[in-house]
>>> print(open('final29.pdb').read())   # PDB, C-alpha atoms
ATOM      1  CA  MET A   1     -21.163  -0.781   7.108  1.00  0.00           C
ATOM      2  CA  ARG A   2     -19.782  -3.192   4.558  1.00  0.00           C
ATOM      3  CA  ASP A   3     -21.578  -6.369   3.527  1.00  0.00           C
ATOM      4  CA  ASP A   4     -18.380  -8.379   3.071  1.00  0.00           C
ATOM      5  CA  PRO A   5     -15.999  -7.756   5.967  1.00  0.00           C
ATOM      6  CA  ALA A   6     -13.511 -10.392   4.836  1.00  0.00           C
ATOM      7  CA  GLY A   7     -13.263  -8.833   1.387  1.00  0.00           C
ATOM      8  CA  THR A   8     -13.724 -12.165  -0.337  1.00  0.00           C
ATOM      9  CA  GLY A   9     -17.322 -12.089  -1.549  1.00  0.00           C
ATOM     10  CA  PRO A  10     -19.004 -10.689  -4.665  1.00  0.00           C
ATOM     11  CA  ALA A  11     -18.049  -7.056  -4.027  1.00  0.00           C
ATOM     12  CA  ALA A  12     -14.371  -7.959  -3.636  1.00  0.00           C
ATOM     13  CA  GLU A  13     -14.457 -10.281  -6.649  1.00  0.00           C
ATOM     14  CA  SER A  14     -15.978  -7.590  -8.853  1.00  0.00           C
ATOM     15  CA  GLY A  15     -13.336  -5.097  -7.836  1.00  0.00           C
ATOM     16  CA  GLU A  16     -15.820  -2.826  -6.095  1.00  0.00           C
ATOM     17  CA  GLY A  17     -14.806  -1.432  -2.754  1.00  0.00           C
ATOM     18  CA  ARG A  18     -11.830   0.398  -1.401  1.00  0.00           C
ATOM     19  CA  VAL A  19      -8.330  -1.030  -1.534  1.00  0.00           C
ATOM     20  CA  LEU A  20      -5.581   0.154   0.807  1.00  0.00           C
ATOM     21  CA  GLY A  21      -2.054   0.349  -0.586  1.00  0.00           C
ATOM     22  CA  LEU A  22       0.953   0.134   1.744  1.00  0.00           C
ATOM     23  CA  ASP A  23       4.610   0.897   1.078  1.00  0.00           C
ATOM     24  CA  PHE A  24       6.365  -0.772   4.034  1.00  0.00           C
ATOM     25  CA  GLY A  25       9.680   0.702   5.133  1.00  0.00           C
ATOM     26  CA  ASP A  26      12.014   0.567   8.119  1.00  0.00           C
ATOM     27  CA  ARG A  27      10.920   3.947   9.489  1.00  0.00           C
ATOM     28  CA  ARG A  28       7.682   4.763   7.683  1.00  0.00           C
ATOM     29  CA  ILE A  29       4.712   3.160   5.966  1.00  0.00           C
ATOM     30  CA  GLY A  30       3.293   5.033   2.996  1.00  0.00           C
ATOM     31  CA  VAL A  31      -0.479   4.677   2.758  1.00  0.00           C
ATOM     32  CA  ALA A  32      -2.696   5.119  -0.299  1.00  0.00           C
ATOM     33  CA  LEU A  33      -6.404   4.501  -0.743  1.00  0.00           C
ATOM     34  CA  SER A  34      -8.502   3.710  -3.785  1.00  0.00           C
ATOM     35  CA  ASP A  35     -11.846   5.260  -4.587  1.00  0.00           C
ATOM     36  CA  PRO A  36     -14.933   3.123  -3.746  1.00  0.00           C
ATOM     37  CA  LEU A  37     -14.992   1.622  -7.261  1.00  0.00           C
ATOM     38  CA  GLY A  38     -11.341   0.586  -7.076  1.00  0.00           C
ATOM     39  CA  LEU A  39     -10.324   2.666 -10.097  1.00  0.00           C
ATOM     40  CA  THR A  40      -7.937   5.331  -8.821  1.00  0.00           C
ATOM     41  CA  ALA A  41      -5.406   5.551  -6.015  1.00  0.00           C
ATOM     42  CA  SER A  42      -4.811   8.648  -3.892  1.00  0.00           C
ATOM     43  CA  PRO A  43      -2.267   9.371  -1.178  1.00  0.00           C
ATOM     44  CA  LEU A  44      -3.701   9.068   2.316  1.00  0.00           C
ATOM     45  CA  MET A  45      -0.903   9.475   4.850  1.00  0.00           C
ATOM     46  CA  THR A  46       2.487   8.375   6.066  1.00  0.00           C
ATOM     47  CA  LEU A  47       2.630   6.329   9.258  1.00  0.00           C
ATOM     48  CA  GLU A  48       5.766   6.836  11.315  1.00  0.00           C
ATOM     49  CA  ARG A  49       6.690   3.367  12.562  1.00  0.00           C
ATOM     50  CA  THR A  50       6.752   2.952  16.327  1.00  0.00           C
ATOM     51  CA  SER A  51       6.046  -0.659  17.327  1.00  0.00           C
ATOM     52  CA  TRP A  52       4.399  -3.627  15.645  1.00  0.00           C
ATOM     53  CA  ALA A  53       1.350  -3.306  17.912  1.00  0.00           C
ATOM     54  CA  ARG A  54       0.854   0.412  17.257  1.00  0.00           C
ATOM     55  CA  ASP A  55       1.567   0.116  13.532  1.00  0.00           C
ATOM     56  CA  LEU A  56      -0.951  -2.705  13.147  1.00  0.00           C
ATOM     57  CA  GLU A  57      -3.576  -0.904  15.218  1.00  0.00           C
ATOM     58  CA  ALA A  58      -3.207   2.197  13.035  1.00  0.00           C
ATOM     59  CA  ILE A  59      -3.656   0.097   9.889  1.00  0.00           C
ATOM     60  CA  ARG A  60      -6.633  -1.730  11.397  1.00  0.00           C
ATOM     61  CA  ALA A  61      -8.243   1.625  12.260  1.00  0.00           C
ATOM     62  CA  LEU A  62      -7.700   2.890   8.704  1.00  0.00           C
ATOM     63  CA  THR A  63      -9.304  -0.221   7.193  1.00  0.00           C
ATOM     64  CA  ARG A  64     -12.347   0.199   9.401  1.00  0.00           C
ATOM     65  CA  ARG A  65     -12.672   3.950   8.881  1.00  0.00           C
ATOM     66  CA  HIS A  66     -12.452   3.654   5.092  1.00  0.00           C
ATOM     67  CA  GLU A  67     -14.333   0.343   4.748  1.00  0.00           C
ATOM     68  CA  VAL A  68     -11.412  -1.329   3.004  1.00  0.00           C
ATOM     69  CA  LEU A  69     -12.000  -4.737   1.393  1.00  0.00           C
ATOM     70  CA  ARG A  70      -8.411  -5.617   0.442  1.00  0.00           C
ATOM     71  CA  ILE A  71      -4.863  -4.486   1.173  1.00  0.00           C
ATOM     72  CA  VAL A  72      -2.034  -4.346  -1.368  1.00  0.00           C
ATOM     73  CA  VAL A  73       1.531  -4.261  -0.063  1.00  0.00           C
ATOM     74  CA  GLY A  74       4.517  -3.393  -2.214  1.00  0.00           C
ATOM     75  CA  LEU A  75       6.890  -6.354  -2.428  1.00  0.00           C
ATOM     76  CA  PRO A  76      10.506  -5.147  -2.779  1.00  0.00           C
ATOM     77  CA  LEU A  77      11.859  -7.708  -5.223  1.00  0.00           C
ATOM     78  CA  GLU A  78      15.396  -7.251  -6.457  1.00  0.00           C
ATOM     79  CA  MET A  79      15.884  -5.966 -10.005  1.00  0.00           C
ATOM     80  CA  ASP A  80      16.520  -9.519 -11.254  1.00  0.00           C
ATOM     81  CA  GLY A  81      13.329 -10.713  -9.554  1.00  0.00           C
ATOM     82  CA  GLY A  82      15.255 -12.239  -6.657  1.00  0.00           C
ATOM     83  CA  ARG A  83      14.012 -12.307  -3.104  1.00  0.00           C
ATOM     84  CA  GLY A  84      16.334 -10.531  -0.697  1.00  0.00           C
ATOM     85  CA  LYS A  85      16.141  -9.970   3.060  1.00  0.00           C
ATOM     86  CA  ARG A  86      13.702  -7.089   2.623  1.00  0.00           C
ATOM     87  CA  VAL A  87      11.157  -9.391   0.919  1.00  0.00           C
ATOM     88  CA  HIS A  88      11.170 -11.703   3.949  1.00  0.00           C
ATOM     89  CA  LEU A  89      10.544  -8.766   6.320  1.00  0.00           C
ATOM     90  CA  THR A  90       7.725  -7.531   4.088  1.00  0.00           C
ATOM     91  CA  GLU A  91       6.122 -10.978   4.047  1.00  0.00           C
ATOM     92  CA  ILE A  92       6.170 -11.036   7.868  1.00  0.00           C
ATOM     93  CA  PHE A  93       4.536  -7.584   7.804  1.00  0.00           C
ATOM     94  CA  MET A  94       1.888  -8.842   5.364  1.00  0.00           C
ATOM     95  CA  GLU A  95       1.073 -11.844   7.576  1.00  0.00           C
ATOM     96  CA  ARG A  96       0.691  -9.605  10.614  1.00  0.00           C
ATOM     97  CA  VAL A  97      -1.472  -7.098   8.732  1.00  0.00           C
ATOM     98  CA  GLY A  98      -3.718  -9.919   7.493  1.00  0.00           C
ATOM     99  CA  ALA A  99      -4.074 -11.346  11.001  1.00  0.00           C
ATOM    100  CA  ALA A 100      -4.740  -7.905  12.517  1.00  0.00           C
ATOM    101  CA  THR A 101      -7.348  -6.837   9.965  1.00  0.00           C
ATOM    102  CA  GLY A 102      -8.907 -10.090   8.810  1.00  0.00           C
ATOM    103  CA  LEU A 103      -8.597  -8.809   5.232  1.00  0.00           C
ATOM    104  CA  PRO A 104      -6.865 -10.368   2.246  1.00  0.00           C
ATOM    105  CA  VAL A 105      -3.370  -8.954   1.774  1.00  0.00           C
ATOM    106  CA  VAL A 106      -1.968  -9.029  -1.753  1.00  0.00           C
ATOM    107  CA  PRO A 107       1.760  -8.648  -2.506  1.00  0.00           C
ATOM    108  CA  TRP A 108       2.526  -6.428  -5.503  1.00  0.00           C
ATOM    109  CA  ASP A 109       5.868  -5.909  -7.235  1.00  0.00           C
ATOM    110  CA  GLU A 110       7.149  -2.476  -6.240  1.00  0.00           C
ATOM    111  CA  ARG A 111      10.437  -2.432  -8.114  1.00  0.00           C
ATOM    112  CA  LEU A 112      11.396   1.168  -8.932  1.00  0.00           C
ATOM    113  CA  SER A 113       8.264   2.640  -7.295  1.00  0.00           C
ATOM    114  CA  THR A 114      10.344   4.823  -4.964  1.00  0.00           C
ATOM    115  CA  VAL A 115      12.557   5.933  -7.867  1.00  0.00           C
ATOM    116  CA  GLN A 116       9.433   6.768  -9.867  1.00  0.00           C
ATOM    117  CA  ALA A 117       7.944   8.611  -6.870  1.00  0.00           C
ATOM    118  CA  GLU A 118      11.140  10.660  -6.487  1.00  0.00           C
ATOM    119  CA  ARG A 119      11.073  11.548 -10.191  1.00  0.00           C
ATOM    120  CA  ILE A 120       7.435  12.665  -9.975  1.00  0.00           C
ATOM    121  CA  LEU A 121       8.179  14.862  -6.972  1.00  0.00           C
ATOM    122  CA  LEU A 122      11.256  16.374  -8.624  1.00  0.00           C
ATOM    123  CA  GLU A 123       9.288  17.144 -11.780  1.00  0.00           C
ATOM    124  CA  GLY A 124       6.666  18.778  -9.575  1.00  0.00           C
ATOM    125  CA  ASP A 125       9.415  20.954  -8.101  1.00  0.00           C
ATOM    126  CA  ALA A 126       8.740  19.733  -4.556  1.00  0.00           C
ATOM    127  CA  SER A 127      11.278  20.916  -2.014  1.00  0.00           C
ATOM    128  CA  ARG A 128      13.602  18.387  -0.409  1.00  0.00           C
ATOM    129  CA  ALA A 129      11.669  18.640   2.864  1.00  0.00           C
ATOM    130  CA  ARG A 130       8.347  18.132   1.097  1.00  0.00           C
ATOM    131  CA  ARG A 131       9.705  15.153  -0.860  1.00  0.00           C
ATOM    132  CA  ARG A 132      10.840  13.544   2.389  1.00  0.00           C
ATOM    133  CA  GLN A 133       7.334  14.045   3.852  1.00  0.00           C
ATOM    134  CA  VAL A 134       5.375  12.513   0.976  1.00  0.00           C
ATOM    135  CA  ILE A 135       7.644  10.118  -0.926  1.00  0.00           C
ATOM    136  CA  ASP A 136       6.313   7.060   0.909  1.00  0.00           C
ATOM    137  CA  GLN A 137       2.725   8.085   0.127  1.00  0.00           C
ATOM    138  CA  VAL A 138       3.543   8.613  -3.539  1.00  0.00           C
ATOM    139  CA  ALA A 139       5.286   5.218  -3.694  1.00  0.00           C
ATOM    140  CA  ALA A 140       2.174   3.633  -2.106  1.00  0.00           C
ATOM    141  CA  VAL A 141       0.000   5.361  -4.741  1.00  0.00           C
ATOM    142  CA  ILE A 142       2.193   3.978  -7.543  1.00  0.00           C
ATOM    143  CA  VAL A 143       2.025   0.439  -6.135  1.00  0.00           C
ATOM    144  CA  LEU A 144      -1.733   0.634  -5.612  1.00  0.00           C
ATOM    145  CA  GLN A 145      -2.478   2.236  -8.988  1.00  0.00           C
ATOM    146  CA  THR A 146      -0.448  -0.364 -10.897  1.00  0.00           C
ATOM    147  CA  TYR A 147      -2.346  -3.082  -9.013  1.00  0.00           C
ATOM    148  CA  LEU A 148      -5.731  -1.484  -9.792  1.00  0.00           C
ATOM    149  CA  ASP A 149      -4.808  -1.017 -13.474  1.00  0.00           C
ATOM    150  CA  ALA A 150      -3.616  -4.621 -13.810  1.00  0.00           C
ATOM    151  CA  ARG A 151      -6.767  -5.948 -12.140  1.00  0.00           C
ATOM    152  CA  ARG A 152      -8.962  -3.857 -14.425  1.00  0.00           C
ATOM    153  CA  THR A 153      -7.003  -5.004 -17.511  1.00  0.00           C
ATOM    154  CA  ALA A 154      -7.264  -8.644 -16.425  1.00  0.00           C
ATOM    155  CA  ALA A 155     -11.027  -8.211 -16.023  1.00  0.00           C
ATOM    156  CA  GLY A 156     -11.236  -6.911 -19.615  1.00  0.00           C
ATOM    157  CA  SER A 157     -12.046  -3.298 -18.782  1.00  0.00           C
ATOM    158  CA  PRO A 158     -10.303  -0.513 -20.708  1.00  0.00           C
TER     159      PRO A 158
END
>>> encode(input="final29.pdb", output="structure tokens")
Amino acid sequence: MRDDPAGTGPAAESGEGRVLGLDFGDRRIGVALSDPLGLTASPLMTLERTSWARDLEAIRALTRRHEVLRIVVGLPLEMDGGRGKRVHLTEIFMERVGAATGLPVVPWDERLSTVQAERILLEGDASRARRRQVIDQVAAVIVLQTYLDARRTAAGSP
């Protein structure tokens, strides 16, 4: 049981506690999870999108099961930093996730995360079928890990 269900108290402020990373797409949502200290991100799963209600219930269940204190969602800004149609859809998703879970939802710049994920999988010699299965998870790991690293750097930790 967590002491700070809203993820806004001392544990959340200190960076302790699990953070869920989401890579929101039209057909799938890549999911990554941090360790309890919020230092490293690992792939968790890929959710196949069905309906808003089912998607949100699956995310809510994951946050409860893993005692998540905060959620980071990749924000698909354009290369020039502009906000296209996809950003608006992602912001709606973030609002719904926040309402469904009661947790803080943090947008995080995901530019090139999918390209980077594809490169990692190609270098690892993953088959095309395997890449298709895990690319969303790997993109979620990249988004979450860059968030965790930036938070740690901002806090003055090496």
>>> atom_distance(input="final29.pdb", atom1="atom CA of A:Asp136", atom2="atom CA of A:Arg49")
12.2 Å
>>> closest_residue(input="final29.pdb", among="A:Ala139, A:Asp23, A:Arg28, A:Ile59", to="A:Gly102", atoms="only C-alpha atoms")
A:Ile59
>>> resolve_selection(input="final29.pdb", expression="the PyMOL selection byres ((chain A and resi 147-152) around 12)", output="PyMOL selection string")
chain A and resi 12-22+32-42+70-75+106-110+140-146+153-158
>>> write_last_selection(input="final29.pdb", atoms="C-alpha atoms", output="compact mmCIF listing (two decimals), keeping the file's coordinate frame")
# COMPACT_ATOMS: atom_id res chain seq x y z
CA ALA A 12 -14.37 -7.96 -3.64
CA GLU A 13 -14.46 -10.28 -6.65
CA SER A 14 -15.98 -7.59 -8.85
CA GLY A 15 -13.34 -5.10 -7.84
CA GLU A 16 -15.82 -2.83 -6.10
CA GLY A 17 -14.81 -1.43 -2.75
CA ARG A 18 -11.83 0.40 -1.40
CA VAL A 19 -8.33 -1.03 -1.53
CA LEU A 20 -5.58 0.15 0.81
CA GLY A 21 -2.05 0.35 -0.59
CA LEU A 22 0.95 0.13 1.74
CA ALA A 32 -2.70 5.12 -0.30
CA LEU A 33 -6.40 4.50 -0.74
CA SER A 34 -8.50 3.71 -3.78
CA ASP A 35 -11.85 5.26 -4.59
CA PRO A 36 -14.93 3.12 -3.75
CA LEU A 37 -14.99 1.62 -7.26
CA GLY A 38 -11.34 0.59 -7.08
CA LEU A 39 -10.32 2.67 -10.10
CA THR A 40 -7.94 5.33 -8.82
CA ALA A 41 -5.41 5.55 -6.02
CA SER A 42 -4.81 8.65 -3.89
CA ARG A 70 -8.41 -5.62 0.44
CA ILE A 71 -4.86 -4.49 1.17
CA VAL A 72 -2.03 -4.35 -1.37
CA VAL A 73 1.53 -4.26 -0.06
CA GLY A 74 4.52 -3.39 -2.21
CA LEU A 75 6.89 -6.35 -2.43
CA VAL A 106 -1.97 -9.03 -1.75
CA PRO A 107 1.76 -8.65 -2.51
CA TRP A 108 2.53 -6.43 -5.50
CA ASP A 109 5.87 -5.91 -7.24
CA GLU A 110 7.15 -2.48 -6.24
CA ALA A 140 2.17 3.63 -2.11
CA VAL A 141 0.00 5.36 -4.74
CA ILE A 142 2.19 3.98 -7.54
CA VAL A 143 2.02 0.44 -6.14
CA LEU A 144 -1.73 0.63 -5.61
CA GLN A 145 -2.48 2.24 -8.99
CA THR A 146 -0.45 -0.36 -10.90
CA THR A 153 -7.00 -5.00 -17.51
CA ALA A 154 -7.26 -8.64 -16.42
CA ALA A 155 -11.03 -8.21 -16.02
CA GLY A 156 -11.24 -6.91 -19.61
CA SER A 157 -12.05 -3.30 -18.78
CA PRO A 158 -10.30 -0.51 -20.71
>>> closest_residue(input="final29.pdb", among="A:Leu69, A:Leu44, A:Ile135, A:Ile29", to="A:Phe93", atoms="only C-alpha atoms")
A:Ile29
>>> atom_distance(input="final29.pdb", atom1="atom CA of A:Ser51", atom2="atom CA of A:Leu89")
14.4 Å
>>> atom_distance(input="final29.pdb", atom1="atom CA of A:Val68", atom2="atom CA of A:Leu103")
8.3 Å
>>> closest_residue(input="final29.pdb", among="A:Ala58, A:Phe24, A:Thr63, A:Glu48", to="A:His88", atoms="all atoms listed in the file")
A:Phe24
>>> closest_residue(input="final29.pdb", among="A:Val138, A:Lys85, A:Leu56, A:Pro76", to="A:Thr101", atoms="all atoms listed in the file")
A:Leu56
>>> closest_residue(input="final29.pdb", among="A:Thr90, A:Gln137, A:Leu77, A:Arg96", to="A:Leu47", atoms="all atoms listed in the file")
A:Gln137
>>> decode(input="final29.pdb", residues="stretch 84-115 of chain A", atoms="N, CA, C and O atoms", output="JSON list (two decimals), in the first residue's frame")
[["chain", "number", "residue", "atom", "x", "y", "z"],
["A", 84, "GLY", "N", 1.19, 19.83, -33.41],
["A", 84, "GLY", "CA", 0.28, 19.37, -34.45],
["A", 84, "GLY", "C", -0.96, 18.71, -33.85],
["A", 84, "GLY", "O", -1.19, 18.72, -32.65],
["A", 85, "LYS", "N", -1.74, 18.11, -34.74],
["A", 85, "LYS", "CA", -2.99, 17.43, -34.34],
["A", 85, "LYS", "C", -2.73, 16.33, -33.32],
["A", 85, "LYS", "O", -3.49, 16.13, -32.38],
["A", 86, "ARG", "N", -1.65, 15.61, -33.50],
["A", 86, "ARG", "CA", -1.33, 14.49, -32.62],
["A", 86, "ARG", "C", -1.10, 14.95, -31.16],
["A", 86, "ARG", "O", -1.42, 14.24, -30.22],
["A", 87, "VAL", "N", -0.54, 16.15, -30.99],
["A", 87, "VAL", "CA", -0.33, 16.68, -29.64],
["A", 87, "VAL", "C", -1.67, 16.88, -28.96],
["A", 87, "VAL", "O", -1.85, 16.53, -27.79],
["A", 88, "HIS", "N", -2.65, 17.43, -29.68],
["A", 88, "HIS", "CA", -3.98, 17.66, -29.10],
["A", 88, "HIS", "C", -4.60, 16.33, -28.65],
["A", 88, "HIS", "O", -5.14, 16.24, -27.55],
["A", 89, "LEU", "N", -4.52, 15.31, -29.49],
["A", 89, "LEU", "CA", -5.07, 14.00, -29.12],
["A", 89, "LEU", "C", -4.37, 13.43, -27.89],
["A", 89, "LEU", "O", -4.99, 12.83, -27.02],
["A", 90, "THR", "N", -3.06, 13.62, -27.82],
["A", 90, "THR", "CA", -2.29, 13.13, -26.68],
["A", 90, "THR", "C", -2.68, 13.87, -25.40],
["A", 90, "THR", "O", -2.77, 13.28, -24.33],
["A", 91, "GLU", "N", -2.92, 15.17, -25.51],
["A", 91, "GLU", "CA", -3.34, 15.94, -24.34],
["A", 91, "GLU", "C", -4.71, 15.49, -23.83],
["A", 91, "GLU", "O", -4.94, 15.43, -22.62],
["A", 92, "ILE", "N", -5.61, 15.14, -24.74],
["A", 92, "ILE", "CA", -6.91, 14.59, -24.33],
["A", 92, "ILE", "C", -6.68, 13.27, -23.60],
["A", 92, "ILE", "O", -7.28, 13.02, -22.54],
["A", 93, "PHE", "N", -5.82, 12.42, -24.16],
["A", 93, "PHE", "CA", -5.47, 11.15, -23.51],
["A", 93, "PHE", "C", -4.92, 11.39, -22.11],
["A", 93, "PHE", "O", -5.33, 10.75, -21.15],
["A", 94, "MET", "N", -4.01, 12.35, -21.98],
["A", 94, "MET", "CA", -3.40, 12.65, -20.68],
["A", 94, "MET", "C", -4.46, 13.10, -19.67],
["A", 94, "MET", "O", -4.43, 12.67, -18.51],
["A", 95, "GLU", "N", -5.38, 13.95, -20.09],
["A", 95, "GLU", "CA", -6.46, 14.39, -19.19],
["A", 95, "GLU", "C", -7.29, 13.21, -18.71],
["A", 95, "GLU", "O", -7.62, 13.11, -17.54],
["A", 96, "ARG", "N", -7.62, 12.33, -19.63],
["A", 96, "ARG", "CA", -8.44, 11.16, -19.28],
["A", 96, "ARG", "C", -7.69, 10.20, -18.37],
["A", 96, "ARG", "O", -8.27, 9.64, -17.44],
["A", 97, "VAL", "N", -6.41, 10.01, -18.62],
["A", 97, "VAL", "CA", -5.60, 9.14, -17.76],
["A", 97, "VAL", "C", -5.53, 9.73, -16.35],
["A", 97, "VAL", "O", -5.68, 9.02, -15.36],
["A", 98, "GLY", "N", -5.30, 11.04, -16.26],
["A", 98, "GLY", "CA", -5.25, 11.70, -14.95],
["A", 98, "GLY", "C", -6.55, 11.55, -14.20],
["A", 98, "GLY", "O", -6.57, 11.24, -12.99],
["A", 99, "ALA", "N", -7.67, 11.75, -14.89],
["A", 99, "ALA", "CA", -8.98, 11.62, -14.25],
["A", 99, "ALA", "C", -9.25, 10.18, -13.82],
["A", 99, "ALA", "O", -9.81, 9.93, -12.75],
["A", 100, "ALA", "N", -8.84, 9.23, -14.65],
["A", 100, "ALA", "CA", -9.10, 7.81, -14.35],
["A", 100, "ALA", "C", -8.25, 7.28, -13.21],
["A", 100, "ALA", "O", -8.69, 6.42, -12.45],
["A", 101, "THR", "N", -7.03, 7.80, -13.08],
["A", 101, "THR", "CA", -6.10, 7.25, -12.08],
["A", 101, "THR", "C", -5.97, 8.11, -10.83],
["A", 101, "THR", "O", -5.54, 7.63, -9.79],
["A", 102, "GLY", "N", -6.26, 9.40, -10.95],
["A", 102, "GLY", "CA", -6.05, 10.31, -9.84],
["A", 102, "GLY", "C", -4.58, 10.63, -9.61],
["A", 102, "GLY", "O", -4.21, 11.17, -8.57],
["A", 103, "LEU", "N", -3.74, 10.31, -10.58],
["A", 103, "LEU", "CA", -2.30, 10.53, -10.47],
["A", 103, "LEU", "C", -1.87, 11.72, -11.33],
["A", 103, "LEU", "O", -2.52, 12.02, -12.33],
["A", 104, "PRO", "N", -0.76, 12.36, -10.97],
["A", 104, "PRO", "CA", -0.24, 13.40, -11.84],
["A", 104, "PRO", "C", 0.27, 12.79, -13.15],
["A", 104, "PRO", "O", 0.89, 11.72, -13.14],
["A", 105, "VAL", "N", -0.03, 13.46, -14.25],
["A", 105, "VAL", "CA", 0.38, 13.01, -15.57],
["A", 105, "VAL", "C", 1.26, 14.10, -16.16],
["A", 105, "VAL", "O", 0.84, 15.24, -16.30],
["A", 106, "VAL", "N", 2.49, 13.72, -16.50],
["A", 106, "VAL", "CA", 3.50, 14.67, -16.96],
["A", 106, "VAL", "C", 3.76, 14.45, -18.45],
["A", 106, "VAL", "O", 4.09, 13.34, -18.86],
["A", 107, "PRO", "N", 3.62, 15.51, -19.28],
["A", 107, "PRO", "CA", 3.99, 15.36, -20.69],
["A", 107, "PRO", "C", 5.50, 15.41, -20.82],
["A", 107, "PRO", "O", 6.18, 16.13, -20.09],
["A", 108, "TRP", "N", 6.05, 14.61, -21.75],
["A", 108, "TRP", "CA", 7.50, 14.61, -21.96],
["A", 108, "TRP", "C", 7.78, 14.52, -23.45],
["A", 108, "TRP", "O", 7.24, 13.66, -24.15],
["A", 109, "ASP", "N", 8.63, 15.39, -23.94],
["A", 109, "ASP", "CA", 8.98, 15.46, -25.36],
["A", 109, "ASP", "C", 9.48, 14.09, -25.84],
["A", 109, "ASP", "O", 10.44, 13.56, -25.32],
["A", 110, "GLU", "N", 8.79, 13.56, -26.85],
["A", 110, "GLU", "CA", 9.17, 12.24, -27.36],
["A", 110, "GLU", "C", 9.73, 12.30, -28.78],
["A", 110, "GLU", "O", 9.86, 11.25, -29.42],
["A", 111, "ARG", "N", 10.10, 13.48, -29.24],
["A", 111, "ARG", "CA", 10.62, 13.56, -30.60],
["A", 111, "ARG", "C", 11.73, 12.55, -30.82],
["A", 111, "ARG", "O", 12.65, 12.44, -30.02],
["A", 112, "LEU", "N", 11.61, 11.80, -31.90],
["A", 112, "LEU", "CA", 12.58, 10.80, -32.35],
["A", 112, "LEU", "C", 12.66, 9.55, -31.46],
["A", 112, "LEU", "O", 13.50, 8.70, -31.68],
["A", 113, "SER", "N", 11.79, 9.42, -30.46],
["A", 113, "SER", "CA", 11.87, 8.22, -29.61],
["A", 113, "SER", "C", 11.57, 6.95, -30.40],
["A", 113, "SER", "O", 12.22, 5.92, -30.19],
["A", 114, "THR", "N", 10.61, 6.99, -31.31],
["A", 114, "THR", "CA", 10.29, 5.80, -32.10],
["A", 114, "THR", "C", 11.42, 5.49, -33.07],
["A", 114, "THR", "O", 11.77, 4.33, -33.27],
["A", 115, "VAL", "N", 12.03, 6.52, -33.64],
["A", 115, "VAL", "CA", 13.18, 6.32, -34.53],
["A", 115, "VAL", "C", 14.33, 5.69, -33.75],
["A", 115, "VAL", "O", 14.98, 4.74, -34.20]]
